[in-house]
Amino acid sequence: MAFTLPALKYAKNAFSGFLSENTFNFHHGKHLQTYIDTTNKLVAGSDYEGKSLVDIVMTSSGPLFNNAAQAFNHEFYFNCISPETNVQVPEKLLKLIELNFESFEAFKEKFCASAVGNFGSGWTWLMQTGTNKLKIMNTSNAGNPMVDGFTPLLTVDVWEHAYYLDYQNRRADYVKDFFNHIDWNFVASNLKD
Ligand SMILES: [Fe+2]
């Protein structure tokens with residue numbers, strides 16, 4: 001069965017002062033739709049037919065990997081944000097962040113600095129690398145920590161198309177506002193024991 005555009009869990013105009021409805025119209029409605037359409041075209045008639053998106057990301061390369069991983073990464077990213085600001089971090093996750101980064105503030109600084117400094121187009125991730133082990137990683141283009149055996153918990157899209165309509169070249173401001181809109185319940189739900 002062909003992949004379809006995943007619904008957003010909030011209204012496209014719900015993020016006043018952060019991302020506009022216009023950004024969602026393009027980023028979700030056009031960019032993500034194109035990655036999904038292209039994945040479907042490349043999968044049709046191939047050995048990948050019937051496989052899950054994750055399976056395709058884990059086992060493909062070249063254009064199929066690029067489009068399937070972008071489809072996965074975008075759905076994940078749209079789930080990482082909430083119209084609510086400063087959502088409370090669930091206790092288990094908060095303790096893990098403090099264990100791995102000394103304090104929540106230190107984590108915030110490191111994550112935002114990584115995202116601002118991620119050269120070109122890519123993604124900045126918080127990922128789980130083992131029991132009680134968290135790490136920040138930058139990937140370029142469609143890169144995803146799953147292919148290195150790690151569990152993605154949180155991601156911010158730093159491709160210019162994610163923020164240019166609202167922030168132009170001000171990536172640092174976009175990253176700061178992104179951080180205030182993280183859906184920490186979704187992030188915590190990705191933890192593995
Ligand atoms: Fe994007």
# chains A, B, ... in the order shown; residues from 1 in each chain; ligands from 1
>>> closest_atom_pairs(of="chain A", to="ligand 1", cutoff="7 Å", atoms="only C-alpha atoms and all ligand atoms", output="tab-separated table")
residue	atom	partner	partner_atom_place_in_ligand_line	distance
A:His27	CA	ligand 1	1 (Fe)	6.0
A:His31	CA	ligand 1	1 (Fe)	6.8
A:His74	CA	ligand 1	1 (Fe)	6.1
A:Asp157	CA	ligand 1	1 (Fe)	5.6
A:Trp159	CA	ligand 1	1 (Fe)	5.7
A:His161	CA	ligand 1	1 (Fe)	5.9
A:Ala162	CA	ligand 1	1 (Fe)	4.9
>>> residues_around(residues="Glu75 (chain A)", least_positions_apart="5", cutoff="10 Å", atoms="only C-alpha atoms", output="list in words")
Leu5, Pro6, Ala7, Leu8, His28, Leu32, Ala69, Gln70 and Cys80 of chain A
>>> residues_around(residues="region 132-143 of chain A", least_positions_apart="6", cutoff="6 Å", atoms="only C-alpha atoms", output="list in words")
Asn66, Ala69, Gln70, Ser121, Gly122, Trp123, Thr124, Trp125 and Leu126 of chain A
>>> write_last_selection(atoms="N, CA and C atoms", output="PDB file, in the first residue's frame")
ATOM      1  N   ASN A  66      17.126   8.687   0.503  1.00  0.00           N
ATOM      2  CA  ASN A  66      16.955  10.136   0.719  1.00  0.00           C
ATOM      3  C   ASN A  66      15.489  10.507   0.898  1.00  0.00           C
ATOM      4  N   ALA A  69      13.831   8.493   4.085  1.00  0.00           N
ATOM      5  CA  ALA A  69      14.325   9.039   5.357  1.00  0.00           C
ATOM      6  C   ALA A  69      13.761  10.439   5.582  1.00  0.00           C
ATOM      7  N   GLN A  70      13.660  11.230   4.514  1.00  0.00           N
ATOM      8  CA  GLN A  70      13.059  12.558   4.673  1.00  0.00           C
ATOM      9  C   GLN A  70      11.580  12.436   5.059  1.00  0.00           C
ATOM     10  N   SER A 121      22.231  21.841   5.131  1.00  0.00           N
ATOM     11  CA  SER A 121      20.897  21.274   5.368  1.00  0.00           C
ATOM     12  C   SER A 121      21.018  19.984   6.157  1.00  0.00           C
ATOM     13  N   GLY A 122      20.191  19.840   7.183  1.00  0.00           N
ATOM     14  CA  GLY A 122      20.254  18.599   7.952  1.00  0.00           C
ATOM     15  C   GLY A 122      19.342  18.624   9.151  1.00  0.00           C
ATOM     16  N   TRP A 123      19.674  17.793  10.118  1.00  0.00           N
ATOM     17  CA  TRP A 123      18.839  17.559  11.291  1.00  0.00           C
ATOM     18  C   TRP A 123      19.727  17.479  12.520  1.00  0.00           C
ATOM     19  N   THR A 124      19.222  17.970  13.647  1.00  0.00           N
ATOM     20  CA  THR A 124      19.921  17.800  14.923  1.00  0.00           C
ATOM     21  C   THR A 124      19.044  16.919  15.808  1.00  0.00           C
ATOM     22  N   TRP A 125      19.653  15.897  16.372  1.00  0.00           N
ATOM     23  CA  TRP A 125      18.911  14.848  17.084  1.00  0.00           C
ATOM     24  C   TRP A 125      19.333  14.745  18.537  1.00  0.00           C
ATOM     25  N   LEU A 126      18.378  14.422  19.398  1.00  0.00           N
ATOM     26  CA  LEU A 126      18.685  13.809  20.691  1.00  0.00           C
ATOM     27  C   LEU A 126      18.347  12.345  20.491  1.00  0.00           C
TER      28      LEU A 126
END
>>> residues_around(residues="Asp177 (chain A)", least_positions_apart="5", cutoff="12 Å", atoms="only C-alpha atoms", output="PDB file with N, CA and C atoms, in the first residue's frame")
ATOM      1  N   PHE A  15       0.475  27.994  16.030  1.00  0.00           N
ATOM      2  CA  PHE A  15       1.789  28.340  16.588  1.00  0.00           C
ATOM      3  C   PHE A  15       2.079  29.832  16.480  1.00  0.00           C
ATOM      4  N   SER A  16       1.248  30.658  17.087  1.00  0.00           N
ATOM      5  CA  SER A  16       1.466  32.090  16.955  1.00  0.00           C
ATOM      6  C   SER A  16       2.824  32.470  17.539  1.00  0.00           C
ATOM      7  N   GLY A  17       3.603  33.249  16.786  1.00  0.00           N
ATOM      8  CA  GLY A  17       4.928  33.661  17.237  1.00  0.00           C
ATOM      9  C   GLY A  17       6.010  32.651  16.940  1.00  0.00           C
ATOM     10  N   PHE A  18       5.643  31.512  16.344  1.00  0.00           N
ATOM     11  CA  PHE A  18       6.658  30.514  15.972  1.00  0.00           C
ATOM     12  C   PHE A  18       6.478  30.243  14.481  1.00  0.00           C
ATOM     13  N   LEU A  19       5.916  29.154  14.087  1.00  0.00           N
ATOM     14  CA  LEU A  19       5.761  28.837  12.673  1.00  0.00           C
ATOM     15  C   LEU A  19       4.366  29.236  12.195  1.00  0.00           C
ATOM     16  N   ILE A  81       6.817  18.769  18.018  1.00  0.00           N
ATOM     17  CA  ILE A  81       6.440  20.110  18.459  1.00  0.00           C
ATOM     18  C   ILE A  81       4.983  20.172  18.912  1.00  0.00           C
ATOM     19  N   SER A  82       4.743  21.130  19.810  1.00  0.00           N
ATOM     20  CA  SER A  82       3.417  21.329  20.380  1.00  0.00           C
ATOM     21  C   SER A  82       3.093  22.824  20.370  1.00  0.00           C
ATOM     22  N   PRO A  83       1.822  23.184  20.119  1.00  0.00           N
ATOM     23  CA  PRO A  83       1.453  24.602  20.210  1.00  0.00           C
ATOM     24  C   PRO A  83       1.672  25.146  21.622  1.00  0.00           C
ATOM     25  N   GLU A  84       1.651  24.265  22.603  1.00  0.00           N
ATOM     26  CA  GLU A  84       1.890  24.660  23.994  1.00  0.00           C
ATOM     27  C   GLU A  84       3.380  24.980  24.157  1.00  0.00           C
ATOM     28  N   THR A  85       3.684  25.995  24.968  1.00  0.00           N
ATOM     29  CA  THR A  85       5.103  26.271  25.233  1.00  0.00           C
ATOM     30  C   THR A  85       5.492  25.702  26.591  1.00  0.00           C
ATOM     31  N   ASN A  86       6.791  25.426  26.722  1.00  0.00           N
ATOM     32  CA  ASN A  86       7.352  24.938  27.991  1.00  0.00           C
ATOM     33  C   ASN A  86       6.568  23.774  28.587  1.00  0.00           C
ATOM     34  N   LYS A 108      20.042  22.058  27.006  1.00  0.00           N
ATOM     35  CA  LYS A 108      19.393  23.022  26.105  1.00  0.00           C
ATOM     36  C   LYS A 108      20.444  23.810  25.320  1.00  0.00           C
ATOM     37  N   CYS A 112      20.861  23.362  21.258  1.00  0.00           N
ATOM     38  CA  CYS A 112      20.621  24.530  20.404  1.00  0.00           C
ATOM     39  C   CYS A 112      21.899  24.928  19.662  1.00  0.00           C
ATOM     40  N   VAL A 156      15.213  18.392  15.358  1.00  0.00           N
ATOM     41  CA  VAL A 156      14.847  19.683  14.783  1.00  0.00           C
ATOM     42  C   VAL A 156      15.370  19.722  13.354  1.00  0.00           C
ATOM     43  N   TYR A 163      12.239  26.973   8.098  1.00  0.00           N
ATOM     44  CA  TYR A 163      12.062  28.238   8.836  1.00  0.00           C
ATOM     45  C   TYR A 163      12.153  29.503   7.994  1.00  0.00           C
ATOM     46  N   ASP A 166       9.340  32.276   7.876  1.00  0.00           N
ATOM     47  CA  ASP A 166       9.078  33.014   9.121  1.00  0.00           C
ATOM     48  C   ASP A 166      10.320  33.677   9.702  1.00  0.00           C
ATOM     49  N   TYR A 167      11.477  33.076   9.489  1.00  0.00           N
ATOM     50  CA  TYR A 167      12.688  33.558  10.166  1.00  0.00           C
ATOM     51  C   TYR A 167      13.785  34.004   9.199  1.00  0.00           C
ATOM     52  N   ARG A 170      17.528  33.718  10.129  1.00  0.00           N
ATOM     53  CA  ARG A 170      17.760  33.733  11.585  1.00  0.00           C
ATOM     54  C   ARG A 170      17.530  32.342  12.199  1.00  0.00           C
ATOM     55  N   ARG A 171      18.438  31.429  11.875  1.00  0.00           N
ATOM     56  CA  ARG A 171      18.267  30.047  12.357  1.00  0.00           C
ATOM     57  C   ARG A 171      18.293  29.987  13.888  1.00  0.00           C
ATOM     58  N   ALA A 172      19.134  30.798  14.520  1.00  0.00           N
ATOM     59  CA  ALA A 172      19.249  30.741  15.992  1.00  0.00           C
ATOM     60  C   ALA A 172      17.905  31.079  16.658  1.00  0.00           C
ATOM     61  N   ILE A 182       8.803  22.224  22.254  1.00  0.00           N
ATOM     62  CA  ILE A 182       8.992  20.769  22.180  1.00  0.00           C
ATOM     63  C   ILE A 182       7.881  20.044  22.939  1.00  0.00           C
TER      64      ILE A 182
END
>>> select_by_dssp(residues="region 19-85 of chain A", states="alpha helix (DSSP H)", output="ChimeraX atom specification")
/A:21-26,33-43,53-59,62-80
>>> write_last_selection(atoms="N, CA and C atoms", output="compact mmCIF listing (two decimals), in the first residue's frame")
# COMPACT_ATOMS: atom_id res chain seq x y z
N GLU A 21 1.02 29.41 9.47
CA GLU A 21 0.23 28.46 8.68
C GLU A 21 0.87 28.26 7.31
N ASN A 22 1.42 29.35 6.76
CA ASN A 22 2.07 29.29 5.45
C ASN A 22 3.26 28.32 5.46
N THR A 23 4.03 28.34 6.55
CA THR A 23 5.15 27.41 6.66
C THR A 23 4.64 25.97 6.65
N PHE A 24 3.58 25.69 7.39
CA PHE A 24 3.04 24.32 7.39
C PHE A 24 2.48 23.96 6.01
N ASN A 25 1.84 24.93 5.33
CA ASN A 25 1.32 24.64 3.99
C ASN A 25 2.43 24.17 3.06
N PHE A 26 3.58 24.80 3.15
CA PHE A 26 4.70 24.41 2.29
C PHE A 26 5.46 23.21 2.86
N GLN A 33 4.97 16.08 1.32
CA GLN A 33 4.17 15.37 0.30
C GLN A 33 5.06 14.88 -0.85
N THR A 34 6.00 15.71 -1.27
CA THR A 34 6.89 15.33 -2.38
C THR A 34 7.80 14.18 -1.99
N TYR A 35 8.32 14.19 -0.77
CA TYR A 35 9.17 13.06 -0.31
C TYR A 35 8.35 11.76 -0.32
N ILE A 36 7.10 11.86 0.11
CA ILE A 36 6.24 10.66 0.16
C ILE A 36 5.91 10.19 -1.26
N ASP A 37 5.54 11.13 -2.12
CA ASP A 37 5.20 10.76 -3.50
C ASP A 37 6.40 10.11 -4.20
N THR A 38 7.57 10.69 -3.98
CA THR A 38 8.78 10.15 -4.64
C THR A 38 9.13 8.78 -4.07
N THR A 39 8.97 8.61 -2.76
CA THR A 39 9.19 7.28 -2.15
C THR A 39 8.26 6.26 -2.81
N ASN A 40 6.99 6.61 -2.94
CA ASN A 40 6.02 5.68 -3.56
C ASN A 40 6.42 5.32 -4.98
N LYS A 41 6.88 6.30 -5.75
CA LYS A 41 7.28 6.04 -7.13
C LYS A 41 8.47 5.09 -7.19
N LEU A 42 9.43 5.32 -6.29
CA LEU A 42 10.66 4.50 -6.31
C LEU A 42 10.41 3.08 -5.79
N VAL A 43 9.44 2.95 -4.88
CA VAL A 43 9.14 1.64 -4.29
C VAL A 43 8.32 0.77 -5.26
N LEU A 53 8.07 2.00 6.26
CA LEU A 53 8.97 3.13 6.02
C LEU A 53 10.28 2.93 6.77
N VAL A 54 10.20 2.47 8.02
CA VAL A 54 11.42 2.25 8.81
C VAL A 54 12.29 1.19 8.14
N ASP A 55 11.70 0.10 7.69
CA ASP A 55 12.48 -0.94 7.00
C ASP A 55 13.18 -0.38 5.78
N ILE A 56 12.48 0.46 5.05
CA ILE A 56 13.07 1.05 3.84
C ILE A 56 14.25 1.96 4.22
N VAL A 57 14.03 2.79 5.25
CA VAL A 57 15.12 3.68 5.71
C VAL A 57 16.34 2.85 6.11
N MET A 58 16.10 1.75 6.80
CA MET A 58 17.21 0.94 7.35
C MET A 58 17.98 0.17 6.27
N THR A 59 17.34 -0.07 5.13
CA THR A 59 17.97 -0.99 4.17
C THR A 59 18.22 -0.41 2.78
N GLY A 62 20.87 5.70 -1.70
CA GLY A 62 20.64 6.57 -2.85
C GLY A 62 19.32 7.32 -2.76
N PRO A 63 18.69 7.58 -3.91
CA PRO A 63 17.46 8.39 -3.93
C PRO A 63 16.34 7.81 -3.06
N LEU A 64 16.20 6.48 -3.01
CA LEU A 64 15.12 5.91 -2.18
C LEU A 64 15.39 6.21 -0.71
N PHE A 65 16.63 6.01 -0.26
CA PHE A 65 16.94 6.35 1.14
C PHE A 65 16.65 7.82 1.39
N ASN A 66 17.13 8.69 0.50
CA ASN A 66 16.95 10.14 0.72
C ASN A 66 15.49 10.51 0.90
N ASN A 67 14.62 9.96 0.06
CA ASN A 67 13.21 10.33 0.12
C ASN A 67 12.47 9.65 1.27
N ALA A 68 12.76 8.37 1.50
CA ALA A 68 12.10 7.64 2.60
C ALA A 68 12.54 8.21 3.95
N ALA A 69 13.83 8.49 4.09
CA ALA A 69 14.32 9.04 5.36
C ALA A 69 13.76 10.44 5.58
N GLN A 70 13.66 11.23 4.51
CA GLN A 70 13.06 12.56 4.67
C GLN A 70 11.58 12.44 5.06
N ALA A 71 10.89 11.45 4.51
CA ALA A 71 9.49 11.22 4.90
C ALA A 71 9.42 10.86 6.38
N PHE A 72 10.28 9.94 6.83
CA PHE A 72 10.30 9.54 8.24
C PHE A 72 10.67 10.74 9.13
N ASN A 73 11.76 11.41 8.76
CA ASN A 73 12.28 12.50 9.60
C ASN A 73 11.24 13.62 9.78
N HIS A 74 10.53 13.92 8.70
CA HIS A 74 9.54 15.01 8.79
C HIS A 74 8.35 14.63 9.66
N GLU A 75 7.85 13.41 9.51
CA GLU A 75 6.73 13.00 10.37
C GLU A 75 7.17 13.06 11.83
N PHE A 76 8.39 12.60 12.09
CA PHE A 76 8.95 12.60 13.44
C PHE A 76 9.06 14.04 13.97
N TYR A 77 9.59 14.91 13.14
CA TYR A 77 9.78 16.33 13.51
C TYR A 77 8.43 16.99 13.84
N PHE A 78 7.43 16.76 12.98
CA PHE A 78 6.13 17.40 13.22
C PHE A 78 5.50 16.88 14.52
N ASN A 79 5.86 15.66 14.91
CA ASN A 79 5.37 15.13 16.19
C ASN A 79 6.15 15.66 17.38
N CYS A 80 7.32 16.24 17.13
CA CYS A 80 8.17 16.74 18.22
C CYS A 80 7.74 18.10 18.74
>>> atom_distance(atom1="CA of Lys176 (chain A)", atom2="CA of Gly29 (chain A)")
24.1 Å
>>> select_by_dssp(residues="region 9-160 of chain A", states="strand (DSSP E)", output="list of chain:residue names")
A:Gly122, A:Trp123, A:Thr124, A:Trp125, A:Leu126, A:Met127, A:Gln128, A:Thr129, A:Gly130, A:Lys133, A:Leu134, A:Lys135, A:Ile136, A:Met137, A:Asn138, A:Thr139, A:Ser140, A:Thr151, A:Pro152, A:Leu153, A:Leu154, A:Thr155, A:Val156, A:Asp157
>>> write_last_selection(atoms="C-alpha atoms", output="tab-separated table (two decimals), in the first residue's frame")
chain	number	residue	atom	x	y	z
A	122	GLY	CA	20.25	18.60	7.95
A	123	TRP	CA	18.84	17.56	11.29
A	124	THR	CA	19.92	17.80	14.92
A	125	TRP	CA	18.91	14.85	17.08
A	126	LEU	CA	18.68	13.81	20.69
A	127	MET	CA	19.05	10.05	20.57
A	128	GLN	CA	19.34	7.11	22.90
A	129	THR	CA	22.54	5.14	22.37
A	130	GLY	CA	22.10	2.58	25.16
A	133	LYS	CA	22.65	6.88	27.56
A	134	LEU	CA	21.61	9.93	25.56
A	135	LYS	CA	23.58	11.79	22.94
A	136	ILE	CA	23.19	14.78	20.62
A	137	MET	CA	24.06	14.21	16.97
A	138	ASN	CA	23.94	16.28	13.79
A	139	THR	CA	23.14	14.61	10.49
A	140	SER	CA	23.33	16.12	7.01
A	151	THR	CA	17.02	5.44	18.82
A	152	PRO	CA	15.82	8.91	17.80
A	153	LEU	CA	14.06	10.78	20.62
A	154	LEU	CA	13.87	14.37	19.35
A	155	THR	CA	14.77	16.17	16.16
A	156	VAL	CA	14.85	19.68	14.78
A	157	ASP	CA	14.80	20.27	11.04
>>> closest_residue(among="A:Val147, A:Glu160, A:Phe111, A:Phe179", to="Ser60 (chain A)", atoms="only C-alpha atoms")
A:Val147
>>> atom_distance(atom1="CA of Val158 (chain A)", atom2="CA of Leu96 (chain A)")
24.9 Å
>>> closest_residue(among="A:Asn190, A:Thr131, A:Asn118, A:Asn144", to="Val175 (chain A)", atoms="only C-alpha atoms")
A:Asn118
>>> atom_distance(atom1="CA of Gly50 (chain A)", atom2="CA of Met1 (chain A)")
6.4 Å
>>> closest_residue(among="A:Ala113, A:Ala11, A:Lys192, A:Val187", to="Pro90 (chain A)", atoms="only C-alpha atoms")
A:Val187
